[in-house]
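In what follows, a structure is listed as structure tokens, so that the remarks can point back to it.
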Amino acid sequence: MDLKQVKQALRSGPYAWPGGYPLYFIAADGEALSFDAVRAQWRNVVGDMLAPLDWRGASSRFAQFRLVGCEVNWEDTDLYCAHTGERIPSAYGED
């Protein structure tokens with residue numbers, strides 16, 4: 001995922017179209033990030049996304065906000081944003 005794709009996802013909003021399924025971002029460290037967290041930490045996202053990688057493919061920064069994907073939360077009712085602690089809703093896991 002590159003910065004252009006992150007911007008496009010943010011502009012499209014936290015729900016997939018069609019279907020209205022809830023989306024979340026995946027950081028390079030495997031943690032889930034909400035749309036609110038990515039918007040609030042935009043400077044850190046840009047910094048981590050533009051930081052050069054070393055010979056192992058690791059960022060020279062901590063890379064907490066290096067985003068590698070944007071996915072639908074299908075059924076995980078216990079998915080929480082690693083930065084804000086807010087619960088990320090699921091598409092089919094709700095009662």
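Identifiers in this document derive from the order of the structure tokens: chains are assigned A, B, ..., residues are numbered from 1 separately in each chain, and ligands are numbered from 1 in order of occurrence.
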
Excluding Ala27 (chain A) and its own-chain neighbours fewer than 6 positions away, which residues fall within 9 Å of it when counting only C-alpha atoms? Please give them as an MDAnalysis selection string.
chainID A and resid 33 63:69

Please save C-alpha atoms of the selected residues as a PDB file, in the first residue's frame.
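Produced file part30.pdb, reproduced below:
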```pdb
ATOM      1  CA  LEU A  33      -5.708   0.943  13.033  1.00  0.00           C
ATOM      2  CA  ALA A  63       6.989   2.019  11.625  1.00  0.00           C
ATOM      3  CA  GLN A  64       3.958   1.935  13.891  1.00  0.00           C
ATOM      4  CA  PHE A  65       2.110   3.852  11.191  1.00  0.00           C
ATOM      5  CA  ARG A  66       3.539   2.211   8.051  1.00  0.00           C
ATOM      6  CA  LEU A  67       0.339   0.919   6.481  1.00  0.00           C
ATOM      7  CA  VAL A  68       0.375  -2.271   4.448  1.00  0.00           C
ATOM      8  CA  GLY A  69      -3.327  -2.798   3.813  1.00  0.00           C
TER       9      GLY A  69
END
```

Out of region 16-83 of chain A, which residues get helix (DSSP H, G or I) from DSSP, as a ChimeraX atom specification?
/A:35-40,42-50

Selected residues written out, C-alpha atoms, as a compact mmCIF listing (two decimals), in the first residue's frame:
```txt
# COMPACT_ATOMS: atom_id res chain seq x y z
CA PHE A 35 -9.74 5.44 10.20
CA ASP A 36 -9.91 7.99 13.04
CA ALA A 37 -6.42 7.04 14.22
CA VAL A 38 -4.94 7.27 10.72
CA ARG A 39 -6.53 10.70 10.18
CA ALA A 40 -5.36 11.97 13.59
CA TRP A 42 -1.49 11.68 9.41
CA ARG A 43 1.97 13.24 9.91
CA ASN A 44 3.27 10.02 11.44
CA VAL A 45 1.66 7.96 8.67
CA VAL A 46 3.40 10.06 6.00
CA GLY A 47 6.71 9.89 7.90
CA ASP A 48 6.58 6.13 8.29
CA MET A 49 5.38 5.51 4.73
CA LEU A 50 8.22 7.63 3.29
```

Measuring between only C-alpha atoms, which one of A:Ser34, A:Leu10, A:Asn73, A:Leu79 shows the shortest distance to Tyr92 (chain A)?
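Comparing A:Ser34, A:Leu10, A:Asn73, A:Leu79 against Tyr92 (chain A), the winner is A:Asn73.
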
Looking only at strand (DSSP E or B) from DSSP on the backbone, list the matching residues of region 15-52 of chain A as a list in words.
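Matching residues for strand (DSSP E or B) in region 15-52 of chain A are Tyr15, Pro22, Leu23, Tyr24, Phe25, Ile26, Ala27, Ala32 and Leu33 of chain A.
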
In Å, with one decimal, what is the gap from CA of Ile88 (chain A) to CA of Ala51 (chain A)?
27.6 Å

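Using only C-alpha atoms, the nearest neighbour of Thr84 (chain A) within the list A:Val72, A:Ala32, A:Arg11, A:Leu53 is A:Ala32.
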
What is the CA of Leu23 (chain A) to CA of Glu75 (chain A) distance in Å?
11.8 Å

Glu94 (chain A) environment, 10 Å, only C-alpha atoms, sequence neighbours closer than 5 positions dropped, as number ranges by chain:
A: 74-77, 89

Just C-alpha atoms for this one: save the residues we selected as a PDB file, in the first residue's frame.
```pdb
ATOM      1  CA  TRP A  74     -15.874  -9.535   8.619  1.00  0.00           C
ATOM      2  CA  GLU A  75     -16.474 -11.284  11.960  1.00  0.00           C
ATOM      3  CA  ASP A  76     -13.924 -10.230  14.582  1.00  0.00           C
ATOM      4  CA  THR A  77     -15.972  -8.700  17.399  1.00  0.00           C
ATOM      5  CA  PRO A  89     -17.133  -2.810  14.189  1.00  0.00           C
TER       6      PRO A  89
END
```

As an exercise, work out the distance from CA of Arg87 (chain A) to CA of Pro22 (chain A) in Å and give it to one decimal place.
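Straight-line distance from CA of Arg87 (chain A) to CA of Pro22 (chain A) works out to 11.3 Å.
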
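Restricting the calculation to only C-alpha atoms, the smallest distance between Gln5 (chain A) and any of A:Trp17, A:Tyr80, A:Cys70, A:Asp29 is found for A:Cys70.
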
Shortest contact to Phe25 (chain A), candidates A:Asp78, A:Asp2, A:Glu86, A:Glu71, atoms counted only C-alpha atoms, goes to A:Glu71

When you count only C-alpha atoms, which of these residues is closest to Ala82 (chain A): A:Glu31, A:Met1, A:Pro52, A:Ala9?
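Among the listed residues, A:Glu31 lies closest to Ala82 (chain A).
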